[in-house]
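Below is coords.csv, holding CSV, C-alpha atoms.
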chain,number,residue,atom,x,y,z
A,292,MET,CA,0.0,0.0,0.0
A,293,ILE,CA,1.5,3.3,-1.1
A,294,THR,CA,1.0,6.1,1.4
A,295,LYS,CA,0.2,9.7,0.7
A,296,ASP,CA,3.7,10.7,1.9
A,297,ARG,CA,5.2,8.3,-0.7
A,298,ILE,CA,3.0,9.8,-3.4
A,299,LEU,CA,4.2,13.3,-2.5
A,300,GLU,CA,7.8,12.1,-2.8
A,301,LEU,CA,7.0,10.7,-6.2
A,302,LEU,CA,5.4,14.0,-7.3
A,303,ASP,CA,8.6,15.7,-6.5
A,304,TYR,CA,10.0,14.0,-9.7
A,305,VAL,CA,7.3,15.4,-12.0
A,306,LYS,CA,8.6,18.5,-13.6
A,307,ASP,CA,6.9,21.4,-15.3
A,308,PRO,CA,7.4,20.4,-18.9
A,309,GLU,CA,8.0,24.0,-20.0
A,310,ILE,CA,10.1,25.0,-17.0
A,311,PRO,CA,11.8,21.8,-16.0
A,312,ALA,CA,13.7,23.5,-13.2
A,313,ILE,CA,10.7,23.1,-10.9
A,314,ASN,CA,8.3,20.4,-10.1
A,315,VAL,CA,4.5,20.3,-9.9
A,316,LEU,CA,4.5,20.7,-6.1
A,317,GLU,CA,6.8,23.7,-6.1
A,318,LEU,CA,4.6,25.2,-8.8
A,319,GLY,CA,1.6,24.9,-6.5
A,320,VAL,CA,-0.6,23.2,-9.0
A,321,VAL,CA,-1.2,20.0,-6.9
A,322,ARG,CA,-4.1,20.9,-4.7
A,323,GLN,CA,-5.1,17.6,-3.2
A,324,VAL,CA,-3.7,14.0,-2.9
A,325,GLU,CA,-6.0,11.2,-1.8
A,326,VAL,CA,-5.4,7.5,-1.5
A,327,GLU,CA,-8.5,5.3,-1.5
A,328,PRO,CA,-8.7,2.1,0.5
A,329,ASP,CA,-8.0,0.0,-2.7
A,330,GLY,CA,-4.8,2.0,-3.3
A,331,LYS,CA,-6.1,4.2,-6.1
A,332,ALA,CA,-4.6,7.6,-6.0
A,333,ILE,CA,-6.6,10.7,-6.8
A,334,ILE,CA,-4.5,13.8,-7.6
A,335,THR,CA,-6.3,17.1,-8.0
A,336,ILE,CA,-4.5,19.7,-10.0
A,337,THR,CA,-5.4,23.2,-11.0
A,338,PRO,CA,-4.3,25.0,-14.2
A,339,THR,CA,-1.9,27.9,-14.1
A,340,TYR,CA,-3.2,29.6,-17.2
A,341,THR,CA,-6.5,28.4,-18.7
A,342,GLY,CA,-4.9,27.7,-22.1
A,343,CYS,CA,-1.6,26.4,-20.8
A,344,PRO,CA,-0.8,23.4,-23.0
A,345,ALA,CA,1.6,22.1,-20.3
A,346,MET,CA,-1.4,21.1,-18.1
A,347,ASP,CA,-2.3,18.1,-20.2
A,348,VAL,CA,1.3,17.0,-20.2
A,349,MET,CA,1.6,17.4,-16.4
A,350,ALA,CA,-1.5,15.3,-15.9
A,351,ALA,CA,0.0,12.6,-18.1
A,352,ASP,CA,3.4,12.8,-16.4
A,353,ILE,CA,1.8,12.5,-13.0
A,354,ARG,CA,-0.1,9.3,-14.1
A,355,LYS,CA,3.0,7.8,-15.6
A,356,GLU,CA,5.2,8.5,-12.6
A,357,LEU,CA,2.8,7.0,-10.1
A,358,LEU,CA,1.8,4.0,-12.2
A,359,GLU,CA,5.5,3.2,-12.8
A,360,ALA,CA,6.1,3.3,-9.0
A,361,GLY,CA,3.4,0.7,-8.5
A,362,VAL,CA,0.4,2.7,-7.6
A,363,PRO,CA,-2.4,0.4,-8.9
A,364,ALA,CA,-4.7,3.1,-10.3
A,365,VAL,CA,-4.3,6.9,-10.8
A,366,GLU,CA,-6.9,9.5,-11.5
A,367,VAL,CA,-5.9,13.1,-12.2
A,368,ARG,CA,-8.7,15.6,-11.6
A,369,MET,CA,-8.7,19.2,-12.8
A,370,SER,CA,-10.2,21.8,-10.5
A,371,LEU,CA,-10.7,25.4,-11.5
A,372,SER,CA,-11.7,26.9,-8.2
A,373,PRO,CA,-10.1,28.5,-6.3
A,374,ALA,CA,-8.1,29.9,-9.2
A,375,TRP,CA,-4.3,29.3,-9.1
A,376,THR,CA,-2.2,32.2,-8.0
A,377,THR,CA,1.6,32.8,-8.3
A,378,ASP,CA,1.5,33.1,-4.5
A,379,TRP,CA,1.2,29.3,-4.4
A,380,ILE,CA,4.7,28.8,-5.9
A,381,THR,CA,6.8,27.7,-2.9
A,382,GLU,CA,9.9,29.6,-1.7
A,383,THR,CA,12.0,26.7,-3.0
A,384,GLY,CA,10.3,27.0,-6.3
A,385,LYS,CA,11.0,30.7,-6.5
A,386,ARG,CA,14.7,30.1,-5.7
A,387,LYS,CA,14.9,27.5,-8.4
A,388,LEU,CA,13.2,29.7,-11.0
A,389,LYS,CA,15.8,32.4,-10.2
A,390,GLU,CA,18.7,30.0,-10.5
A,391,TYR,CA,17.2,28.8,-13.8
A,392,GLY,CA,17.3,32.4,-15.1
A,393,ILE,CA,13.6,33.3,-14.7
A,394,ALA,CA,12.8,36.2,-12.4
A,395,PRO,CA,10.2,34.8,-9.9
A,396,PRO,CA,6.8,36.4,-9.5
A,397,GLU,CA,6.3,39.2,-7.0
A,398,LYS,CA,3.5,38.9,-4.4
A,399,THR,CA,0.1,39.5,-6.1
A,400,ALA,CA,-0.5,42.2,-3.6
A,401,ASP,CA,2.2,44.0,-5.6
A,402,ILE,CA,0.0,44.0,-8.7
A,403,ARG,CA,1.1,47.5,-9.7
A,404,ALA,CA,1.9,46.5,-13.2
A,405,LEU,CA,-1.8,46.4,-14.0
A,406,LYS,CA,-2.4,49.8,-12.6
A,407,GLY,CA,0.1,51.5,-14.9
A,408,GLU,CA,3.1,51.2,-12.6
A,409,GLN,CA,5.9,48.8,-13.2
A,410,PRO,CA,6.8,46.4,-10.4
A,411,VAL,CA,10.4,46.2,-9.3
A,412,VAL,CA,11.9,43.1,-10.9
A,413,THR,CA,15.4,41.9,-10.1
A,414,CYS,CA,17.5,40.7,-12.9
A,415,PRO,CA,18.2,36.9,-12.3
A,416,GLN,CA,21.6,37.3,-14.0
A,417,CYS,CA,23.2,40.2,-12.1
A,418,GLY,CA,20.8,41.1,-9.4
A,419,SER,CA,20.2,44.7,-10.6
A,420,THR,CA,16.8,46.3,-10.2
A,421,ASN,CA,17.5,48.6,-13.1
A,422,THR,CA,15.2,46.6,-15.4
A,423,VAL,CA,12.5,47.3,-17.9
A,424,MET,CA,9.6,45.2,-19.3
A,425,LEU,CA,9.8,44.7,-23.1
A,426,SER,CA,6.5,42.8,-23.4
A,427,ALA,CA,3.8,41.5,-21.0
A,428,PHE,CA,3.7,38.3,-23.1
A,429,GLY,CA,6.6,35.9,-23.3
A,430,SER,CA,7.7,32.5,-24.5
A,431,THR,CA,5.0,30.7,-22.5
A,432,ALA,CA,1.6,31.9,-21.2
A,433,CYS,CA,3.0,32.5,-17.7
A,434,LYS,CA,6.0,34.6,-18.6
A,435,ALA,CA,6.7,38.2,-19.5
A,436,LEU,CA,9.8,39.4,-21.4
A,437,TRP,CA,12.2,41.8,-19.5
A,438,LYS,CA,15.6,43.4,-20.1
A,439,CYS,CA,18.3,44.4,-17.6
A,440,ASN,CA,19.7,47.9,-18.2
A,441,ASP,CA,22.9,47.1,-16.4
A,442,CYS,CA,24.0,43.7,-17.7
A,443,LEU,CA,22.0,44.3,-20.9
A,444,GLU,CA,20.7,40.7,-20.9
A,445,PRO,CA,17.1,39.9,-21.7
A,446,PHE,CA,15.3,37.6,-19.3
A,447,ASP,CA,11.9,36.0,-18.6
A,448,GLN,CA,9.8,37.0,-15.6
A,449,PHE,CA,7.2,34.7,-14.1
A,450,LYS,CA,4.1,37.0,-14.3
A,451,CYS,CA,2.0,37.8,-11.3
A,452,LEU,CA,-1.4,36.2,-11.4
B,275,MET,CA,-37.1,27.0,-23.4
B,276,SER,CA,-36.1,25.0,-20.4
B,277,HIS,CA,-33.6,26.3,-17.9
B,278,GLN,CA,-31.1,23.7,-19.1
B,279,ASP,CA,-31.4,24.9,-22.8
B,280,ALA,CA,-31.0,28.5,-21.7
B,281,LEU,CA,-27.9,27.8,-19.7
B,282,PHE,CA,-26.5,25.7,-22.6
B,283,THR,CA,-27.0,28.5,-25.1
B,284,TYR,CA,-25.7,31.2,-22.8
B,285,THR,CA,-22.5,29.2,-22.1
B,286,LEU,CA,-22.1,28.7,-25.9
B,287,ARG,CA,-22.4,32.4,-26.6
B,288,GLN,CA,-19.4,33.1,-24.4
B,289,ALA,CA,-17.4,30.2,-25.7
B,290,ASP,CA,-18.1,31.1,-29.3
B,291,ASP,CA,-17.0,34.7,-28.8
B,292,LEU,CA,-13.7,33.4,-27.3
B,293,LEU,CA,-13.1,30.7,-29.9
B,294,ILE,CA,-13.7,32.9,-32.9
B,295,LEU,CA,-11.6,35.8,-31.5
B,296,SER,CA,-8.9,33.3,-30.6
B,297,HIS,CA,-8.9,32.0,-34.2
B,298,ARG,CA,-8.6,35.5,-35.6
B,299,LEU,CA,-5.7,36.3,-33.4
B,300,SER,CA,-4.0,33.0,-34.2
B,301,GLU,CA,-4.0,34.1,-37.9
B,302,TRP,CA,-1.3,36.6,-36.9
B,303,CYS,CA,1.0,33.8,-35.9
B,304,GLY,CA,4.2,34.3,-37.9
B,305,HIS,CA,2.9,37.6,-39.4
B,306,GLY,CA,3.1,40.0,-36.4
B,307,PRO,CA,4.5,43.5,-37.0
B,308,VAL,CA,7.3,42.8,-34.4
B,309,LEU,CA,8.3,39.6,-32.7
B,310,GLU,CA,6.9,40.7,-29.3
B,311,GLU,CA,3.5,41.4,-30.7
B,312,ASP,CA,3.5,38.1,-32.6
B,313,ILE,CA,4.1,36.4,-29.3
B,314,ALA,CA,1.6,38.6,-27.5
B,315,LEU,CA,-1.3,37.9,-29.9
B,316,THR,CA,-0.7,34.1,-29.9
B,317,ASN,CA,-0.5,34.2,-26.1
B,318,ARG,CA,-3.8,36.0,-26.0
B,319,ALA,CA,-5.3,33.5,-28.5
B,320,LEU,CA,-4.2,30.7,-26.1
B,321,ASP,CA,-5.9,32.4,-23.1
B,322,HIS,CA,-9.1,32.8,-25.1
B,323,ILE,CA,-9.1,29.3,-26.4
B,324,GLY,CA,-8.4,28.0,-22.9
B,325,GLU,CA,-11.4,29.7,-21.5
B,326,ALA,CA,-13.5,28.7,-24.5
B,327,ARG,CA,-12.5,25.0,-23.9
B,328,ASN,CA,-13.6,25.2,-20.3
B,329,LEU,CA,-16.9,26.7,-21.4
B,330,TYR,CA,-17.5,24.2,-24.2
B,331,MET,CA,-16.8,21.3,-21.8
B,332,TYR,CA,-19.3,22.7,-19.4
B,333,ALA,CA,-21.9,23.4,-22.2
B,334,GLY,CA,-21.5,19.8,-23.2
B,335,GLN,CA,-22.2,18.6,-19.7
B,336,VAL,CA,-25.2,20.9,-19.4
B,337,GLU,CA,-26.6,19.7,-22.7
B,338,GLY,CA,-26.2,16.1,-21.7
B,339,LYS,CA,-26.1,14.7,-25.2
B,340,GLY,CA,-22.5,13.5,-25.0
B,341,ARG,CA,-21.0,16.3,-27.1
B,342,ASP,CA,-17.5,17.3,-25.9
B,343,GLU,CA,-15.6,20.5,-26.5
B,344,ASP,CA,-14.3,19.3,-29.9
B,345,ALA,CA,-17.8,18.4,-31.2
B,346,LEU,CA,-19.0,21.8,-30.2
B,347,ALA,CA,-16.1,23.7,-31.8
B,348,TYR,CA,-15.7,21.6,-35.0
B,349,LEU,CA,-19.0,20.1,-35.8
B,350,ARG,CA,-21.5,23.0,-35.7
B,351,ASN,CA,-22.5,25.0,-38.7
B,352,GLU,CA,-22.3,28.8,-39.1
B,353,ARG,CA,-25.9,29.4,-38.1
B,354,GLN,CA,-25.4,27.4,-34.9
B,355,PHE,CA,-22.6,29.7,-33.8
B,356,VAL,CA,-23.8,32.4,-31.4
B,357,ASN,CA,-20.8,34.7,-31.2
B,358,THR,CA,-21.1,38.4,-31.7
B,359,LYS,CA,-20.4,39.8,-35.1
B,360,LEU,CA,-17.5,41.9,-33.6
B,361,VAL,CA,-15.1,39.0,-33.0
B,362,GLU,CA,-15.5,37.5,-36.5
B,363,GLN,CA,-14.4,40.8,-38.3
B,364,PRO,CA,-11.2,40.4,-40.3
B,365,ASN,CA,-7.8,41.3,-38.8
B,366,GLY,CA,-7.3,44.2,-41.3
B,367,ASP,CA,-4.3,46.4,-40.4
B,368,TYR,CA,-2.9,46.3,-36.9
B,369,ALA,CA,-5.2,49.1,-35.8
B,370,HIS,CA,-8.2,47.0,-36.6
B,371,THR,CA,-6.8,44.0,-34.8
B,372,ILE,CA,-6.1,46.1,-31.7
B,373,VAL,CA,-9.4,48.0,-31.7
B,374,ARG,CA,-11.4,44.8,-32.1
B,375,SER,CA,-9.6,43.2,-29.1
B,376,PHE,CA,-9.8,46.4,-27.1
B,377,LEU,CA,-13.6,46.6,-27.6
B,378,PHE,CA,-14.0,43.0,-26.7
B,379,ASP,CA,-11.6,43.3,-23.7
B,380,ALA,CA,-13.5,46.3,-22.3
B,381,TYR,CA,-16.6,44.1,-22.3
B,382,HIS,CA,-15.0,40.8,-21.3
B,383,LEU,CA,-13.2,42.0,-18.1
B,384,PRO,CA,-16.3,43.4,-16.4
B,385,LEU,CA,-18.3,40.4,-17.6
B,386,ALA,CA,-15.9,37.9,-16.1
B,387,GLU,CA,-15.8,39.9,-12.9
B,388,ALA,CA,-19.6,39.9,-12.7
B,389,LEU,CA,-19.7,36.2,-13.5
B,390,THR,CA,-17.5,35.3,-10.5
B,391,LYS,CA,-20.6,36.1,-8.5
B,392,SER,CA,-22.9,33.9,-10.6
B,393,THR,CA,-25.1,31.4,-8.8
B,394,ASP,CA,-23.8,28.8,-11.3
B,395,ALA,CA,-20.7,27.5,-9.5
B,396,GLN,CA,-19.0,26.3,-12.7
B,397,LEU,CA,-19.5,29.6,-14.6
B,398,ALA,CA,-18.2,31.4,-11.6
B,399,ALA,CA,-15.1,29.2,-11.4
B,400,ILE,CA,-14.3,29.6,-15.1
B,401,ALA,CA,-14.7,33.4,-14.8
B,402,ALA,CA,-12.5,33.6,-11.7
B,403,LYS,CA,-9.7,32.1,-13.7
B,404,ALA,CA,-10.4,34.4,-16.7
B,405,VAL,CA,-10.5,37.6,-14.7
B,406,LYS,CA,-6.8,37.6,-14.0
B,407,GLU,CA,-5.9,37.0,-17.6
B,408,ALA,CA,-8.4,39.6,-18.9
B,409,GLN,CA,-6.7,42.3,-16.8
B,410,TYR,CA,-3.5,41.7,-18.9
B,411,HIS,CA,-5.6,41.8,-22.1
B,412,VAL,CA,-7.2,45.2,-21.4
B,413,LYS,CA,-3.8,46.5,-20.5
B,414,HIS,CA,-2.2,45.2,-23.7
B,415,SER,CA,-4.9,46.5,-26.1
B,416,SER,CA,-5.3,49.9,-24.3
B,417,ASP,CA,-1.5,50.5,-24.4
B,418,TRP,CA,-1.5,50.0,-28.1
B,419,LEU,CA,-4.6,52.0,-28.8
B,420,ILE,CA,-3.1,55.0,-26.8
B,421,ARG,CA,0.1,54.6,-28.7
B,422,PHE,CA,-1.7,54.6,-32.1
B,423,GLY,CA,-4.1,57.4,-31.3
B,424,ASP,CA,-1.6,59.7,-29.6
B,425,GLY,CA,1.1,58.7,-32.1
B,426,THR,CA,1.7,59.9,-35.6
B,427,GLU,CA,-0.9,61.5,-37.9
B,428,GLU,CA,-1.0,58.2,-39.8
B,429,SER,CA,-1.4,55.9,-36.8
B,430,HIS,CA,-4.1,58.3,-35.4
B,431,ARG,CA,-6.0,58.2,-38.7
B,432,ARG,CA,-5.9,54.4,-38.9
B,433,ALA,CA,-6.9,53.9,-35.3
B,434,GLN,CA,-9.9,56.3,-35.7
B,435,GLU,CA,-10.9,54.6,-38.9
B,436,ALA,CA,-10.8,51.1,-37.2
B,437,LEU,CA,-12.9,52.5,-34.4
B,438,ASP,CA,-15.4,54.0,-36.8
B,439,ASN,CA,-15.6,50.8,-38.8
B,440,LEU,CA,-16.0,48.4,-35.8
B,441,TRP,CA,-18.2,50.5,-33.6
B,442,THR,CA,-21.4,49.2,-35.3
B,443,TYR,CA,-20.5,45.7,-34.0
B,444,THR,CA,-20.4,46.6,-30.3
B,445,GLY,CA,-24.2,46.6,-30.0
B,446,ASP,CA,-24.2,42.8,-30.3
B,447,LEU,CA,-22.3,42.5,-27.0
B,448,PHE,CA,-25.1,44.0,-25.0
B,449,VAL,CA,-28.2,42.5,-26.5
B,450,MET,CA,-30.4,41.1,-23.7
B,451,ASP,CA,-33.0,38.8,-25.2
B,452,GLU,CA,-35.6,36.9,-23.2
B,453,LEU,CA,-33.2,34.0,-22.7
B,454,HIS,CA,-30.6,36.3,-21.1
B,455,GLN,CA,-33.2,38.1,-19.0
B,456,ASP,CA,-34.4,34.8,-17.5
B,457,LEU,CA,-30.8,33.9,-16.6
B,458,VAL,CA,-30.4,37.4,-15.0
B,459,LYS,CA,-33.4,36.7,-12.8
B,460,ALA,CA,-31.9,33.3,-11.8
B,461,GLY,CA,-28.7,35.1,-10.8
B,462,ILE,CA,-26.7,33.2,-13.4
B,463,ALA,CA,-26.0,35.9,-16.0
B,464,PRO,CA,-25.2,39.5,-15.1
B,465,ASP,CA,-27.4,42.4,-16.2
B,466,LEU,CA,-25.7,43.7,-19.3
B,467,THR,CA,-26.6,47.3,-18.7
B,468,LYS,CA,-24.1,47.2,-15.8
B,469,ILE,CA,-21.5,45.6,-18.0
B,470,LYS,CA,-22.2,48.3,-20.6
B,471,ALA,CA,-21.6,51.0,-18.0
B,472,ALA,CA,-18.2,49.5,-17.2
B,473,PHE,CA,-17.4,49.2,-20.9
B,474,ASP,CA,-18.3,52.8,-21.5
B,475,ALA,CA,-16.1,54.0,-18.6
B,476,THR,CA,-13.1,52.0,-20.0
B,477,VAL,CA,-13.7,53.1,-23.6
B,478,ASP,CA,-14.1,56.8,-22.6
B,479,LYS,CA,-11.0,56.8,-20.4
B,480,VAL,CA,-8.7,55.1,-23.0
B,481,LEU,CA,-10.1,57.1,-26.0
B,482,ALA,CA,-9.5,60.4,-24.1
B,483,GLU,CA,-5.9,59.4,-23.5
B,484,ALA,CA,-5.5,58.2,-27.1
B,485,THR,CA,-7.0,61.5,-28.4
B,486,LEU,CA,-9.5,59.5,-30.4
B,487,LYS,CA,-13.2,60.3,-30.9
B,488,ARG,CA,-15.9,57.9,-29.7
B,489,PRO,CA,-18.2,57.2,-32.6
B,490,ALA,CA,-21.9,58.0,-32.2
B,491,ASP,CA,-24.2,55.1,-31.4
B,492,GLY,CA,-26.0,54.8,-34.7
B,493,PHE,CA,-27.1,51.6,-36.5
B,494,MET,CA,-25.9,48.5,-34.6
B,495,ALA,CA,-25.2,45.3,-36.6
B,496,THR,CA,-26.7,42.8,-34.2
B,497,GLY,CA,-28.0,39.2,-34.7
B,498,GLY,CA,-24.9,37.2,-33.8
B,499,ARG,CA,-26.5,35.8,-30.7
B,500,GLN,CA,-29.3,34.4,-32.9
B,501,GLY,CA,-26.8,32.8,-35.3
B,502,LYS,CA,-27.0,35.6,-38.0
B,503,HIS,CA,-23.5,36.4,-39.0
B,504,SER,CA,-21.5,38.5,-41.4
B,505,GLU,CA,-20.1,36.6,-44.4
B,506,HIS,CA,-16.7,36.2,-42.6
B,507,LEU,CA,-17.7,33.5,-40.1
B,508,GLY,CA,-18.3,30.9,-42.9
B,509,PHE,CA,-14.7,31.4,-44.1
B,510,ILE,CA,-13.3,31.1,-40.6
B,511,LEU,CA,-15.2,27.9,-40.0
B,512,ALA,CA,-14.2,26.5,-43.4
B,513,GLU,CA,-10.6,26.8,-42.4
B,514,MET,CA,-10.9,25.9,-38.7
B,515,GLN,CA,-13.2,22.9,-39.2
B,516,TYR,CA,-11.6,21.5,-42.3
B,517,LEU,CA,-9.7,18.7,-40.8
B,518,GLN,CA,-12.5,17.3,-38.6
B,519,ARG,CA,-15.0,17.6,-41.6
B,520,ALA,CA,-12.6,15.9,-44.1
B,521,TYR,CA,-11.4,13.2,-41.7
B,522,PRO,CA,-14.1,12.8,-39.1
B,523,GLY,CA,-12.8,11.7,-35.7
B,524,ALA,CA,-9.1,12.3,-36.6
B,525,GLU,CA,-6.8,12.6,-33.7
B,526,TRP,CA,-3.3,13.9,-33.3
Structure translated into structure tokens:
Amino acid sequence: MITKDRILELLDYVKDPEIPAINVLELGVVRQVEVEPDGKAIITITPTYTGCPAMDVMAADIRKELLEAGVPAVEVRMSLSPAWTTDWITETGKRKLKEYGIAPPEKTADIRALKGEQPVVTCPQCGSTNTVMLSAFGSTACKALWKCNDCLEPFDQFKCL
Amino acid sequence: MSHQDALFTYTLRQADDLLILSHRLSEWCGHGPVLEEDIALTNRALDHIGEARNLYMYAGQVEGKGRDEDALAYLRNERQFVNTKLVEQPNGDYAHTIVRSFLFDAYHLPLAEALTKSTDAQLAAIAAKAVKEAQYHVKHSSDWLIRFGDGTEESHRRAQEALDNLWTYTGDLFVMDELHQDLVKAGIAPDLTKIKAAFDATVDKVLAEATLKRPADGFMATGGRQGKHSEHLGFILAEMQYLQRAYPGAEW
């Protein structure tokens, strides 16, 4: 019988297919893990962005990881409410994003970008805050494109949501 | 009309708006004026199609005839689509594309905000997800409209022309027929006069900053919600549905 703790350990290995630096737990998309008496695991996940193509892949990867580890049956459920927020990315997740070269999201309380002000975003390369947004839309649905005025490198920022 | 039929149609109306606009925006893929905008429009298309997919899945459940999101998107005819005429209008120049999205965004954000309070839990959940993305959409289209309107003589002229051309299609967004009114009474759909007030406030604020003139409310080209469309929709569906029509049941 596989325990809930063991399943959480296994989920640690399921990466975000578009940002393989972090796993589904660190991303905050796993909302609930249940193990039924017959050993069937029910994993509830929530989408980051509604149209994010990575969600289908994540659901398939979760199934694969658990089935290969001997979980007899796996069901991945999708839950829309409450809506995912970048505040659910764990501190470890944020650190790993930064190490991977993606500026982690600010707190959603700091949602100044939408009110016409730019949030302060730190360059993941050199640590400068002298940065500017080039486009609110980046290489994936969850990222914006920024540039550092000091080291002159462009970088991705995980958007506040 | 039963409550179930009304809810099905209402959900389709929203889903069709998003799918058709998404398809139009996706036509810019690889043709954007600058790389950042090419990416921005396809990102927006993805947000819209994501919300449309959630709505189609729910509509299929409400209908209870076993139709999934693909059946609803790919296997209905033109007259069965109930999107507004606004979203099916051609991309035109970039001013037309931006104005079309701006007019839709100014309606979509307050609509999604209001739907988060719907008595229908699933519509509320889908809307709560969409609100956050819709805030980025309004910001994007407003920024460009201001840049065009308050830009060069040429960009101002084109933005005003796009606004004048597309304004007639905004009436469709706020049509409240009997079906809609019944759902308002049930607390499922919001009163569109309130959405219109929020739309007006956004439009007036952004147009003032963009130094553009708001067109007068004259003849409004409505009928989309009843399945009456401009000639453009048929061409969109011909392209979008081709694969499923030619090879029924084909999967990737």
Practice task
Counting all atoms listed in the file, write as a ChimeraX atom specification all protein and nucleic acid residues lying at most 12 Å from (-6.1, 34.3, -28.3) in the file's frame.
Solution key: /A:341-343,428,432 /B:291-303,312-326,361,371,375,378-379,407-408,411
Any chance you could export the current selection's C-alpha atoms as a PDB file, in the coordinates of the input?
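Saved file selection_5.pdb follows:
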ATOM      1  CA  THR A 341      -6.500  28.400 -18.700  1.00  0.00           C
ATOM      2  CA  GLY A 342      -4.900  27.700 -22.100  1.00  0.00           C
ATOM      3  CA  CYS A 343      -1.600  26.400 -20.800  1.00  0.00           C
ATOM      4  CA  PHE A 428       3.700  38.300 -23.100  1.00  0.00           C
ATOM      5  CA  ALA A 432       1.600  31.900 -21.200  1.00  0.00           C
TER       6      ALA A 432
ATOM      7  CA  ASP B 291     -17.000  34.700 -28.800  1.00  0.00           C
ATOM      8  CA  LEU B 292     -13.700  33.400 -27.300  1.00  0.00           C
ATOM      9  CA  LEU B 293     -13.100  30.700 -29.900  1.00  0.00           C
ATOM     10  CA  ILE B 294     -13.700  32.900 -32.900  1.00  0.00           C
ATOM     11  CA  LEU B 295     -11.600  35.800 -31.500  1.00  0.00           C
ATOM     12  CA  SER B 296      -8.900  33.300 -30.600  1.00  0.00           C
ATOM     13  CA  HIS B 297      -8.900  32.000 -34.200  1.00  0.00           C
ATOM     14  CA  ARG B 298      -8.600  35.500 -35.600  1.00  0.00           C
ATOM     15  CA  LEU B 299      -5.700  36.300 -33.400  1.00  0.00           C
ATOM     16  CA  SER B 300      -4.000  33.000 -34.200  1.00  0.00           C
ATOM     17  CA  GLU B 301      -4.000  34.100 -37.900  1.00  0.00           C
ATOM     18  CA  TRP B 302      -1.300  36.600 -36.900  1.00  0.00           C
ATOM     19  CA  CYS B 303       1.000  33.800 -35.900  1.00  0.00           C
ATOM     20  CA  ASP B 312       3.500  38.100 -32.600  1.00  0.00           C
ATOM     21  CA  ILE B 313       4.100  36.400 -29.300  1.00  0.00           C
ATOM     22  CA  ALA B 314       1.600  38.600 -27.500  1.00  0.00           C
ATOM     23  CA  LEU B 315      -1.300  37.900 -29.900  1.00  0.00           C
ATOM     24  CA  THR B 316      -0.700  34.100 -29.900  1.00  0.00           C
ATOM     25  CA  ASN B 317      -0.500  34.200 -26.100  1.00  0.00           C
ATOM     26  CA  ARG B 318      -3.800  36.000 -26.000  1.00  0.00           C
ATOM     27  CA  ALA B 319      -5.300  33.500 -28.500  1.00  0.00           C
ATOM     28  CA  LEU B 320      -4.200  30.700 -26.100  1.00  0.00           C
ATOM     29  CA  ASP B 321      -5.900  32.400 -23.100  1.00  0.00           C
ATOM     30  CA  HIS B 322      -9.100  32.800 -25.100  1.00  0.00           C
ATOM     31  CA  ILE B 323      -9.100  29.300 -26.400  1.00  0.00           C
ATOM     32  CA  GLY B 324      -8.400  28.000 -22.900  1.00  0.00           C
ATOM     33  CA  GLU B 325     -11.400  29.700 -21.500  1.00  0.00           C
ATOM     34  CA  ALA B 326     -13.500  28.700 -24.500  1.00  0.00           C
ATOM     35  CA  VAL B 361     -15.100  39.000 -33.000  1.00  0.00           C
ATOM     36  CA  THR B 371      -6.800  44.000 -34.800  1.00  0.00           C
ATOM     37  CA  SER B 375      -9.600  43.200 -29.100  1.00  0.00           C
ATOM     38  CA  PHE B 378     -14.000  43.000 -26.700  1.00  0.00           C
ATOM     39  CA  ASP B 379     -11.600  43.300 -23.700  1.00  0.00           C
ATOM     40  CA  GLU B 407      -5.900  37.000 -17.600  1.00  0.00           C
ATOM     41  CA  ALA B 408      -8.400  39.600 -18.900  1.00  0.00           C
ATOM     42  CA  HIS B 411      -5.600  41.800 -22.100  1.00  0.00           C
TER      43      HIS B 411
END
Problem - Selected residue of minimal separation from chain B among A:Pro395, A:Gly418, A:Pro338, A:Gly384, counting only C-alpha atoms - result: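 For chain B, the nearest of the candidates is A:Pro338.
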Chain B contacts on chain A, only C-alpha atoms, 10 Å, as a tab-separated table (two decimals) with C-alpha atoms, in the frame of the given file:
chain	number	residue	atom	x	y	z
A	338	PRO	CA	-4.30	25.00	-14.20
A	339	THR	CA	-1.90	27.90	-14.10
A	340	TYR	CA	-3.20	29.60	-17.20
A	341	THR	CA	-6.50	28.40	-18.70
A	342	GLY	CA	-4.90	27.70	-22.10
A	343	CYS	CA	-1.60	26.40	-20.80
A	344	PRO	CA	-0.80	23.40	-23.00
A	370	SER	CA	-10.20	21.80	-10.50
A	371	LEU	CA	-10.70	25.40	-11.50
A	372	SER	CA	-11.70	26.90	-8.20
A	373	PRO	CA	-10.10	28.50	-6.30
A	374	ALA	CA	-8.10	29.90	-9.20
A	375	TRP	CA	-4.30	29.30	-9.10
A	376	THR	CA	-2.20	32.20	-8.00
A	404	ALA	CA	1.90	46.50	-13.20
A	405	LEU	CA	-1.80	46.40	-14.00
A	406	LYS	CA	-2.40	49.80	-12.60
A	407	GLY	CA	0.10	51.50	-14.90
A	425	LEU	CA	9.80	44.70	-23.10
A	426	SER	CA	6.50	42.80	-23.40
A	427	ALA	CA	3.80	41.50	-21.00
A	428	PHE	CA	3.70	38.30	-23.10
A	429	GLY	CA	6.60	35.90	-23.30
A	430	SER	CA	7.70	32.50	-24.50
A	431	THR	CA	5.00	30.70	-22.50
A	432	ALA	CA	1.60	31.90	-21.20
A	433	CYS	CA	3.00	32.50	-17.70
A	434	LYS	CA	6.00	34.60	-18.60
A	435	ALA	CA	6.70	38.20	-19.50
A	436	LEU	CA	9.80	39.40	-21.40
A	451	CYS	CA	2.00	37.80	-11.30
A	452	LEU	CA	-1.40	36.20	-11.40
Kindly write stretch 428-432 of chain A with C-alpha atoms to a file, as a short mmCIF file (atom, residue, chain, number, x, y, z; two decimals), in the first residue's frame.
data_model
loop_
_atom_site.label_atom_id
_atom_site.label_comp_id
_atom_site.auth_asym_id
_atom_site.auth_seq_id
_atom_site.Cartn_x
_atom_site.Cartn_y
_atom_site.Cartn_z
CA PHE A 428 3.71 38.29 -23.11
CA GLY A 429 6.65 35.92 -23.34
CA SER A 430 7.72 32.49 -24.53
CA THR A 431 4.98 30.75 -22.50
CA ALA A 432 1.61 31.93 -21.18
#
